[in-house]
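Beneath this line is the structure, given in structure tokens, with notes to follow.
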Amino acid sequence: KQRLHSNPLFIYYHEQEAVQKRTFTKWINSHLAKHAPPLEVKDLFEDIKDGVMLLALLEVLSGQKLPCEQGKKLKRIHWVANIGTALKFLEGRKSAYRGSPIKLVNINSTDIVDGRPSIVLGLVWTIILYYQIEELTSSLPELPLLSSSTSSMDSSTSSTDTTSPPVKRKPLPPVQGGARKALLRWVQQTSTKCLRLEVKDFGPSWRTGLAFFALINALRPNLVDMERVRRRSNRENLQEAFLLAETELGIPQLLDPEDVDVDKPDEKSVMTYVAQFLKYPPQRKQRDAQGQQQEEVTSCQNCREQRKALRELKMWLDQLERDALQTQETGGSLAQQYQLFKSLHVQLEVRRKQVEGALQSTQRDGMLTVDQALVKQAWERASNLLDWHLQLDRSLPAPLDTVGVWLHEAEGALRDEMVVQLADDITANTVHRALEQHKVNGEAHEYFLPSFRAGHSHHFCSGGSRLTKTQVAG
């Protein structure tokens with residue numbers, strides 16, 4: 001056993017397994033963050049055993065609801081059933097490259113339930129191939145392969161290549177060689193060719209970090225000083241490239257610099273990371289000198305700062321939404337829930353003006369950019385906190401439950417600021433209904449005031465943005 005552990009080949013495969021585990025775990029978590037509620041895998045080989053995380057991942061990737069046995073007292077038979085559901089779902093998909101169902105070679109439910117590392121990693125790799133690499137490369141135009149190099153990955157990927165069923169595409173010709181070669185062609189043609197970099201594989205060619213910078217440069221021209229990075233160490237380049245891709249393109253850091261700065265980087269891990277760049281189409285290349293103006297506009301510092309600010313704002317809103325969902329699920333006393341709500345609601349209100357300013361259209365047609373539209377969607381989801389507030393109000397002891405609902409409606413009417421314009425944007429009927437609503441809320445004020453004061457004297461607190469005592473008395 002000691003001789004086996006000192007064998008260089010054994011050490012290589014052990015390190016390769018560790019790298020894949022880290023990379024695949026980060027890839028899974030980047031998708032489980034979109035699940036409702038968000039989930040997180042901490043130990044891939046352990047957390048996948050009951051099949052709950054696996055089914056949740058497939059739901060996020062496919063957009064379909066899958067049956068799942070859940071609960072704290074699940075037994076092995078339930079685990080096997082969940083894993084079986086996931087495998088059956090995968091085997092029902094077809095590959096765009098081969099047009100035939102996915103083949104799960106030597107992968108069965110009991111091996112996953114037992115947490116066998118090689119089997120678990122093989123299953124996750126199949127999912128990555130199907131839902132990310134093939135899904136994205138199958139729509140690429142046919143490009144000539146600049147290098148005739150091959151690797152062991154050619155045969156391994158061709159036997160497990162997969163694609164997504166919702167989008168019907170014409171299968172690519174077998175001569176293209178599957179997802180790996182399609183991805184390599186794309187890298188060579190869009191990124192490295194113009195910079196005179198030779199990328200022959202998804203292993204040693206990426207060690208210096210220059211190929212990663214070439215990808216970033218293809219998507220955001222003039223963002224990278226290639227002459228400067230050529231003079232730096234591998235680790236410095238890799239660390240900055242991963243950070244730049246995350247901050248400028250929103251691409252999660254699935255790789256660690258120390259995992260790539262080795263003689264033989266793990267190709268599956270590098271492919272998993274590189275395929276993420278396919279989600280961001282490169283800027284149109286200049287066809288002649290006249291095209292330079294477009295490149296200058298694209299690389300404008302103000303534009304980059306605006307995009308960065310919008311992405312940071314969306315990330316903050318997404319995190320706030322996750323915190324709100326987690327808080328609602330944790331339960332606790334009514335008073336604790338109100339305090340948690342108040343904390344989240346205050347954060348939301350502090351950012352309100354920033355969001356409103358960020359959503360002002362900067363385009364001639366008045367339309368929002370993609371980044372602005374994503375921020376708007378995230379803001380609307382986070383604003384659903386008000387629905388939670390109403391639920392908390394209704395949970396108050398009588399008669400404050402009724403008072404809480406009334407206050408909620410009154411605040412809604414006060415928030416709807418109405419500006420009567422000369423044009424017919426707001427009709428007389430709309431104004432009349434609004435005035436009637438204010439009248440009803442005002443009359444109800446006299447009815448609810450004694451209950452409100454009684455509750456206030458007993459130190460009931462409903463948290464969040466509430467009408468003050470002075471406002472109520474007025």
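Here's how to read the names in the structure tokens: chain A, B, ... by the order shown, residue numbers from 1 in each chain, ligand numbers from 1 in the order shown.
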Problem set entry | Exercise: stretch 364-379 of chain A partners within 12 Å, only C-alpha atoms, chain neighbours under 4 positions left out, as an NGL selection string | :A and (34 or 248-250 or 280 or 303-304 or 306-322 or 348-349 or 351-360 or 383-385)
Same residues, C-alpha atoms, output as a PDB file, in the first residue's frame:
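again_36.pdb was written with the following content:
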```pdb
ATOM      1  CA  LYS A  34     -30.435  29.915  -8.391  1.00  0.00           C
ATOM      2  CA  GLU A 248     -15.995  42.113 -15.676  1.00  0.00           C
ATOM      3  CA  LEU A 249     -17.913  39.158 -17.129  1.00  0.00           C
ATOM      4  CA  GLY A 250     -19.587  37.648 -14.088  1.00  0.00           C
ATOM      5  CA  TYR A 280     -20.729  36.004 -23.605  1.00  0.00           C
ATOM      6  CA  CYS A 303     -19.257  52.133 -20.081  1.00  0.00           C
ATOM      7  CA  ARG A 304     -17.125  49.574 -18.274  1.00  0.00           C
ATOM      8  CA  GLN A 306     -21.441  51.369 -15.529  1.00  0.00           C
ATOM      9  CA  ARG A 307     -21.590  47.683 -16.438  1.00  0.00           C
ATOM     10  CA  LYS A 308     -19.511  46.800 -13.411  1.00  0.00           C
ATOM     11  CA  ALA A 309     -21.755  48.850 -11.114  1.00  0.00           C
ATOM     12  CA  LEU A 310     -24.876  47.199 -12.543  1.00  0.00           C
ATOM     13  CA  ARG A 311     -23.442  43.723 -12.082  1.00  0.00           C
ATOM     14  CA  GLU A 312     -22.423  44.490  -8.496  1.00  0.00           C
ATOM     15  CA  LEU A 313     -25.907  45.879  -7.818  1.00  0.00           C
ATOM     16  CA  LYS A 314     -27.546  42.746  -9.224  1.00  0.00           C
ATOM     17  CA  MET A 315     -25.277  40.512  -7.133  1.00  0.00           C
ATOM     18  CA  TRP A 316     -26.259  42.499  -4.034  1.00  0.00           C
ATOM     19  CA  LEU A 317     -29.988  42.209  -4.840  1.00  0.00           C
ATOM     20  CA  ASP A 318     -29.668  38.474  -5.492  1.00  0.00           C
ATOM     21  CA  GLN A 319     -27.938  38.029  -2.140  1.00  0.00           C
ATOM     22  CA  LEU A 320     -30.634  40.070  -0.384  1.00  0.00           C
ATOM     23  CA  GLU A 321     -33.311  37.868  -1.938  1.00  0.00           C
ATOM     24  CA  ARG A 322     -31.489  34.719  -0.788  1.00  0.00           C
ATOM     25  CA  LEU A 348     -33.605  47.725   0.392  1.00  0.00           C
ATOM     26  CA  GLU A 349     -34.767  51.302   0.992  1.00  0.00           C
ATOM     27  CA  ARG A 351     -30.498  51.327  -2.217  1.00  0.00           C
ATOM     28  CA  ARG A 352     -33.802  52.477  -3.752  1.00  0.00           C
ATOM     29  CA  LYS A 353     -32.479  55.753  -5.227  1.00  0.00           C
ATOM     30  CA  GLN A 354     -29.376  53.991  -6.516  1.00  0.00           C
ATOM     31  CA  VAL A 355     -31.526  51.433  -8.332  1.00  0.00           C
ATOM     32  CA  GLU A 356     -33.856  54.072  -9.760  1.00  0.00           C
ATOM     33  CA  GLY A 357     -30.867  55.988 -11.098  1.00  0.00           C
ATOM     34  CA  ALA A 358     -29.272  52.853 -12.536  1.00  0.00           C
ATOM     35  CA  LEU A 359     -32.458  52.013 -14.440  1.00  0.00           C
ATOM     36  CA  GLN A 360     -32.546  55.301 -16.339  1.00  0.00           C
ATOM     37  CA  SER A 383     -39.285  44.008  -3.449  1.00  0.00           C
ATOM     38  CA  ASN A 384     -41.534  41.034  -2.753  1.00  0.00           C
ATOM     39  CA  LEU A 385     -40.337  41.481   0.834  1.00  0.00           C
TER      40      LEU A 385
END
```
Exercise. What's the 8 Å shell around A:Val80, counting only C-alpha atoms, without same-chain residues fewer than 6 positions away, as a ChimeraX atom specification?
Worked result: /A:50-51,109-110,113
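For the atom pair formed by atom CA of A:Pro38 and atom CA of A:Asn82, the distance is 19.2 Å, given to one decimal.
Distance-wise, atom CA of A:Val199 and atom CA of A:Ala211 end up 7.3 Å apart.
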For this session: Can you pull out every residue within 10 Å of A:Val229, counting only C-alpha atoms, but drop anything in the same chain fewer than 3 positions away, and send it as a ChimeraX atom specification?
Result: /A:208-210,213,224-226,232-234,236-238,240-241
For this session: Within 10 Å of A:Leu278, counting only C-alpha atoms, which residues show up once you throw out same-chain ones fewer than 2 positions away? Write them as a VMD selection string, please.
Result: chain A and resid 132 to 133 136 to 137 140 183 186 to 187 215 219 274 to 276 280 to 282
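Distance check against A:Ser139 using only C-alpha atoms: of A:Asp263, A:Leu254, A:Leu32, A:Ala182, the minimum falls on A:Ala182.
In this model, the gap between atom CA of A:Asn217 and atom CA of A:Lys268 comes to 23.0 Å.
Nearest to A:Leu123 of all the residues A:Gln189, A:Phe24, A:Gly63, A:Ala218 is A:Phe24, counting only C-alpha atoms.
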For this session: Just list the residues in stretch 198-267 of chain A DSSP gives helix (DSSP H, G or I) on the backbone, as a ChimeraX atom specification.
Result: /A:204-206,210-219,226-229,234-249,257-260,267
Could the residues in this selection be saved with N, CA, C and O atoms as a compact mmCIF listing (two decimals), in the first residue's frame?
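Result saved to selection03.txt:
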```txt
# COMPACT_ATOMS: atom_id res chain seq x y z
N PRO A 204 -1.72 21.83 -20.73
CA PRO A 204 -0.53 22.68 -20.60
C PRO A 204 -0.64 24.03 -21.30
O PRO A 204 0.02 24.99 -20.89
N SER A 205 -1.44 24.13 -22.36
CA SER A 205 -1.55 25.39 -23.10
C SER A 205 -2.10 26.53 -22.24
O SER A 205 -1.96 27.70 -22.60
N TRP A 206 -2.71 26.20 -21.10
CA TRP A 206 -3.36 27.22 -20.27
C TRP A 206 -2.54 27.56 -19.02
O TRP A 206 -2.95 28.41 -18.23
N LEU A 210 -1.99 33.14 -20.17
CA LEU A 210 -2.16 34.01 -21.33
C LEU A 210 -3.43 33.66 -22.12
O LEU A 210 -4.10 34.55 -22.65
N ALA A 211 -3.75 32.37 -22.21
CA ALA A 211 -4.94 31.97 -22.97
C ALA A 211 -6.22 32.48 -22.31
O ALA A 211 -7.18 32.85 -23.00
N PHE A 212 -6.24 32.53 -20.99
CA PHE A 212 -7.41 33.06 -20.29
C PHE A 212 -7.55 34.56 -20.57
O PHE A 212 -8.66 35.06 -20.79
N PHE A 213 -6.42 35.27 -20.55
CA PHE A 213 -6.45 36.70 -20.86
C PHE A 213 -6.91 36.92 -22.31
O PHE A 213 -7.59 37.91 -22.61
N ALA A 214 -6.52 36.03 -23.21
CA ALA A 214 -6.93 36.15 -24.61
C ALA A 214 -8.44 36.04 -24.74
O ALA A 214 -9.07 36.75 -25.54
N LEU A 215 -9.05 35.13 -23.96
CA LEU A 215 -10.51 35.00 -23.96
C LEU A 215 -11.16 36.29 -23.48
O LEU A 215 -12.12 36.79 -24.09
N ILE A 216 -10.64 36.84 -22.39
CA ILE A 216 -11.21 38.08 -21.84
C ILE A 216 -11.06 39.21 -22.85
O ILE A 216 -11.98 40.00 -23.06
N ASN A 217 -9.90 39.28 -23.48
CA ASN A 217 -9.65 40.33 -24.46
C ASN A 217 -10.60 40.23 -25.65
O ASN A 217 -11.01 41.25 -26.22
N ALA A 218 -10.96 39.00 -26.02
CA ALA A 218 -11.87 38.81 -27.15
C ALA A 218 -13.28 39.30 -26.82
O ALA A 218 -14.00 39.79 -27.70
N LEU A 219 -13.65 39.17 -25.55
CA LEU A 219 -15.00 39.58 -25.14
C LEU A 219 -15.06 41.04 -24.75
O LEU A 219 -16.08 41.70 -24.94
N MET A 226 -1.80 42.84 -22.92
CA MET A 226 -1.16 41.55 -23.15
C MET A 226 0.36 41.62 -23.03
O MET A 226 1.00 40.65 -22.61
N GLU A 227 0.95 42.74 -23.39
CA GLU A 227 2.41 42.86 -23.27
C GLU A 227 2.84 42.82 -21.81
O GLU A 227 3.88 42.26 -21.48
N ARG A 228 2.04 43.42 -20.96
CA ARG A 228 2.38 43.42 -19.52
C ARG A 228 2.25 42.02 -18.92
O ARG A 228 3.11 41.58 -18.16
N VAL A 229 1.17 41.30 -19.26
CA VAL A 229 0.95 39.99 -18.65
C VAL A 229 1.96 38.97 -19.14
O VAL A 229 2.24 37.97 -18.45
N ASN A 234 3.29 32.88 -13.86
CA ASN A 234 2.06 32.14 -14.14
C ASN A 234 1.00 32.40 -13.07
O ASN A 234 -0.18 32.65 -13.38
N ARG A 235 1.40 32.30 -11.82
CA ARG A 235 0.45 32.45 -10.72
C ARG A 235 -0.21 33.83 -10.72
O ARG A 235 -1.42 33.96 -10.50
N GLU A 236 0.60 34.86 -10.95
CA GLU A 236 0.06 36.22 -10.99
C GLU A 236 -0.95 36.37 -12.12
O GLU A 236 -2.03 36.95 -11.93
N ASN A 237 -0.62 35.84 -13.27
CA ASN A 237 -1.53 35.92 -14.41
C ASN A 237 -2.83 35.16 -14.16
O ASN A 237 -3.92 35.66 -14.45
N LEU A 238 -2.71 33.95 -13.65
CA LEU A 238 -3.90 33.14 -13.41
C LEU A 238 -4.82 33.79 -12.38
O LEU A 238 -6.04 33.85 -12.56
N GLN A 239 -4.21 34.28 -11.30
CA GLN A 239 -5.02 34.90 -10.25
C GLN A 239 -5.76 36.13 -10.78
O GLN A 239 -6.96 36.31 -10.53
N GLU A 240 -5.06 36.98 -11.54
CA GLU A 240 -5.71 38.20 -12.06
C GLU A 240 -6.73 37.86 -13.14
O GLU A 240 -7.80 38.48 -13.21
N ALA A 241 -6.42 36.88 -13.99
CA ALA A 241 -7.36 36.51 -15.06
C ALA A 241 -8.68 36.01 -14.49
O ALA A 241 -9.76 36.40 -14.95
N PHE A 242 -8.61 35.15 -13.47
CA PHE A 242 -9.84 34.62 -12.87
C PHE A 242 -10.64 35.73 -12.19
O PHE A 242 -11.87 35.75 -12.27
N LEU A 243 -9.92 36.63 -11.53
CA LEU A 243 -10.61 37.74 -10.85
C LEU A 243 -11.24 38.69 -11.86
O LEU A 243 -12.38 39.15 -11.69
N LEU A 244 -10.51 38.99 -12.94
CA LEU A 244 -11.01 39.90 -13.97
C LEU A 244 -12.24 39.31 -14.67
O LEU A 244 -13.21 40.03 -14.94
N ALA A 245 -12.20 38.02 -14.95
CA ALA A 245 -13.34 37.37 -15.61
C ALA A 245 -14.58 37.41 -14.72
O ALA A 245 -15.70 37.55 -15.21
N GLU A 246 -14.36 37.33 -13.41
CA GLU A 246 -15.50 37.35 -12.50
C GLU A 246 -16.07 38.76 -12.37
O GLU A 246 -17.29 38.95 -12.41
N THR A 247 -15.21 39.76 -12.22
CA THR A 247 -15.69 41.12 -12.00
C THR A 247 -16.21 41.77 -13.28
O THR A 247 -17.18 42.53 -13.23
N GLU A 248 -15.60 41.46 -14.42
CA GLU A 248 -15.99 42.11 -15.68
C GLU A 248 -17.03 41.32 -16.46
O GLU A 248 -17.84 41.89 -17.18
N LEU A 249 -17.00 39.99 -16.34
CA LEU A 249 -17.91 39.16 -17.13
C LEU A 249 -18.90 38.38 -16.28
O LEU A 249 -19.82 37.76 -16.81
N PRO A 257 -5.52 29.09 -9.07
CA PRO A 257 -4.26 29.23 -9.81
C PRO A 257 -3.32 28.03 -9.63
O PRO A 257 -2.69 27.57 -10.59
N GLU A 258 -3.24 27.52 -8.41
CA GLU A 258 -2.33 26.40 -8.14
C GLU A 258 -2.76 25.11 -8.83
O GLU A 258 -1.95 24.19 -9.02
N ASP A 259 -4.03 25.01 -9.21
CA ASP A 259 -4.50 23.82 -9.93
C ASP A 259 -4.14 23.86 -11.41
O ASP A 259 -4.10 22.82 -12.07
N VAL A 260 -3.91 25.05 -11.94
CA VAL A 260 -3.60 25.19 -13.37
C VAL A 260 -2.10 25.32 -13.59
O VAL A 260 -1.59 24.89 -14.63
N GLU A 267 -7.80 18.55 -17.75
CA GLU A 267 -8.50 19.07 -18.92
C GLU A 267 -9.99 19.26 -18.69
O GLU A 267 -10.60 20.21 -19.19
```
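The list of residues with at least one atom within 12 Å of A:Lys88, based on only C-alpha atoms and without residues fewer than 3 positions apart in the same chain, reads Leu55, Leu58, Leu66, Pro67, Val80, Ala81, Asn82, Ile83, Gly84, Thr85, Glu91, Gly92, Arg93, Pro101, Ile102, Lys103, Leu104, Ile107, Asn108 and Ser109 of chain A.
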Those residues you just picked out, can you put them in a file as a PDB file, in the first residue's frame with N, CA and C atoms?
```pdb
ATOM      1  N   LEU A  55     -31.020  16.145  -7.830  1.00  0.00           N
ATOM      2  CA  LEU A  55     -32.296  16.455  -8.479  1.00  0.00           C
ATOM      3  C   LEU A  55     -32.534  17.965  -8.538  1.00  0.00           C
ATOM      4  N   LEU A  58     -30.530  19.317 -11.434  1.00  0.00           N
ATOM      5  CA  LEU A  58     -31.160  19.019 -12.726  1.00  0.00           C
ATOM      6  C   LEU A  58     -32.399  19.879 -12.949  1.00  0.00           C
ATOM      7  N   LEU A  66     -38.883  17.763 -10.908  1.00  0.00           N
ATOM      8  CA  LEU A  66     -38.650  16.334 -10.814  1.00  0.00           C
ATOM      9  C   LEU A  66     -39.107  15.807  -9.463  1.00  0.00           C
ATOM     10  N   PRO A  67     -39.684  14.600  -9.417  1.00  0.00           N
ATOM     11  CA  PRO A  67     -40.110  14.012  -8.134  1.00  0.00           C
ATOM     12  C   PRO A  67     -38.907  13.717  -7.256  1.00  0.00           C
ATOM     13  N   VAL A  80     -31.546   5.683  -3.059  1.00  0.00           N
ATOM     14  CA  VAL A  80     -31.413   4.961  -4.326  1.00  0.00           C
ATOM     15  C   VAL A  80     -32.519   5.396  -5.293  1.00  0.00           C
ATOM     16  N   ALA A  81     -33.731   5.593  -4.758  1.00  0.00           N
ATOM     17  CA  ALA A  81     -34.854   6.010  -5.600  1.00  0.00           C
ATOM     18  C   ALA A  81     -34.599   7.385  -6.211  1.00  0.00           C
ATOM     19  N   ASN A  82     -34.083   8.329  -5.410  1.00  0.00           N
ATOM     20  CA  ASN A  82     -33.788   9.673  -5.916  1.00  0.00           C
ATOM     21  C   ASN A  82     -32.708   9.640  -6.991  1.00  0.00           C
ATOM     22  N   ILE A  83     -31.636   8.900  -6.727  1.00  0.00           N
ATOM     23  CA  ILE A  83     -30.563   8.798  -7.719  1.00  0.00           C
ATOM     24  C   ILE A  83     -31.092   8.137  -8.988  1.00  0.00           C
ATOM     25  N   GLY A  84     -31.927   7.129  -8.817  1.00  0.00           N
ATOM     26  CA  GLY A  84     -32.512   6.460  -9.982  1.00  0.00           C
ATOM     27  C   GLY A  84     -33.356   7.408 -10.822  1.00  0.00           C
ATOM     28  N   THR A  85     -34.102   8.285 -10.161  1.00  0.00           N
ATOM     29  CA  THR A  85     -34.908   9.282 -10.884  1.00  0.00           C
ATOM     30  C   THR A  85     -34.013  10.200 -11.705  1.00  0.00           C
ATOM     31  N   GLU A  91     -30.878   9.820 -18.934  1.00  0.00           N
ATOM     32  CA  GLU A  91     -30.870   8.863 -20.040  1.00  0.00           C
ATOM     33  C   GLU A  91     -31.982   9.145 -21.046  1.00  0.00           C
ATOM     34  N   GLY A  92     -32.940   9.960 -20.657  1.00  0.00           N
ATOM     35  CA  GLY A  92     -34.012  10.322 -21.580  1.00  0.00           C
ATOM     36  C   GLY A  92     -33.661  11.493 -22.481  1.00  0.00           C
ATOM     37  N   ARG A  93     -32.505  12.112 -22.238  1.00  0.00           N
ATOM     38  CA  ARG A  93     -32.052  13.226 -23.081  1.00  0.00           C
ATOM     39  C   ARG A  93     -31.287  12.698 -24.290  1.00  0.00           C
ATOM     40  N   PRO A 101     -29.603   8.829 -27.361  1.00  0.00           N
ATOM     41  CA  PRO A 101     -29.700   9.099 -25.916  1.00  0.00           C
ATOM     42  C   PRO A 101     -28.333   9.110 -25.234  1.00  0.00           C
ATOM     43  N   ILE A 102     -28.271   9.809 -24.120  1.00  0.00           N
ATOM     44  CA  ILE A 102     -27.035   9.862 -23.338  1.00  0.00           C
ATOM     45  C   ILE A 102     -26.703   8.476 -22.793  1.00  0.00           C
ATOM     46  N   LYS A 103     -25.446   8.135 -22.837  1.00  0.00           N
ATOM     47  CA  LYS A 103     -25.000   6.859 -22.286  1.00  0.00           C
ATOM     48  C   LYS A 103     -24.296   7.088 -20.957  1.00  0.00           C
ATOM     49  N   LEU A 104     -24.845   6.549 -19.907  1.00  0.00           N
ATOM     50  CA  LEU A 104     -24.222   6.631 -18.589  1.00  0.00           C
ATOM     51  C   LEU A 104     -23.430   5.352 -18.368  1.00  0.00           C
ATOM     52  N   ILE A 107     -22.276   3.795 -14.633  1.00  0.00           N
ATOM     53  CA  ILE A 107     -22.815   4.653 -13.570  1.00  0.00           C
ATOM     54  C   ILE A 107     -24.153   4.084 -13.119  1.00  0.00           C
ATOM     55  N   ASN A 108     -24.235   3.703 -11.854  1.00  0.00           N
ATOM     56  CA  ASN A 108     -25.495   3.194 -11.322  1.00  0.00           C
ATOM     57  C   ASN A 108     -25.802   3.838  -9.975  1.00  0.00           C
ATOM     58  N   SER A 109     -27.025   3.664  -9.538  1.00  0.00           N
ATOM     59  CA  SER A 109     -27.508   4.355  -8.334  1.00  0.00           C
ATOM     60  C   SER A 109     -26.719   3.989  -7.092  1.00  0.00           C
TER      61      SER A 109
END
```
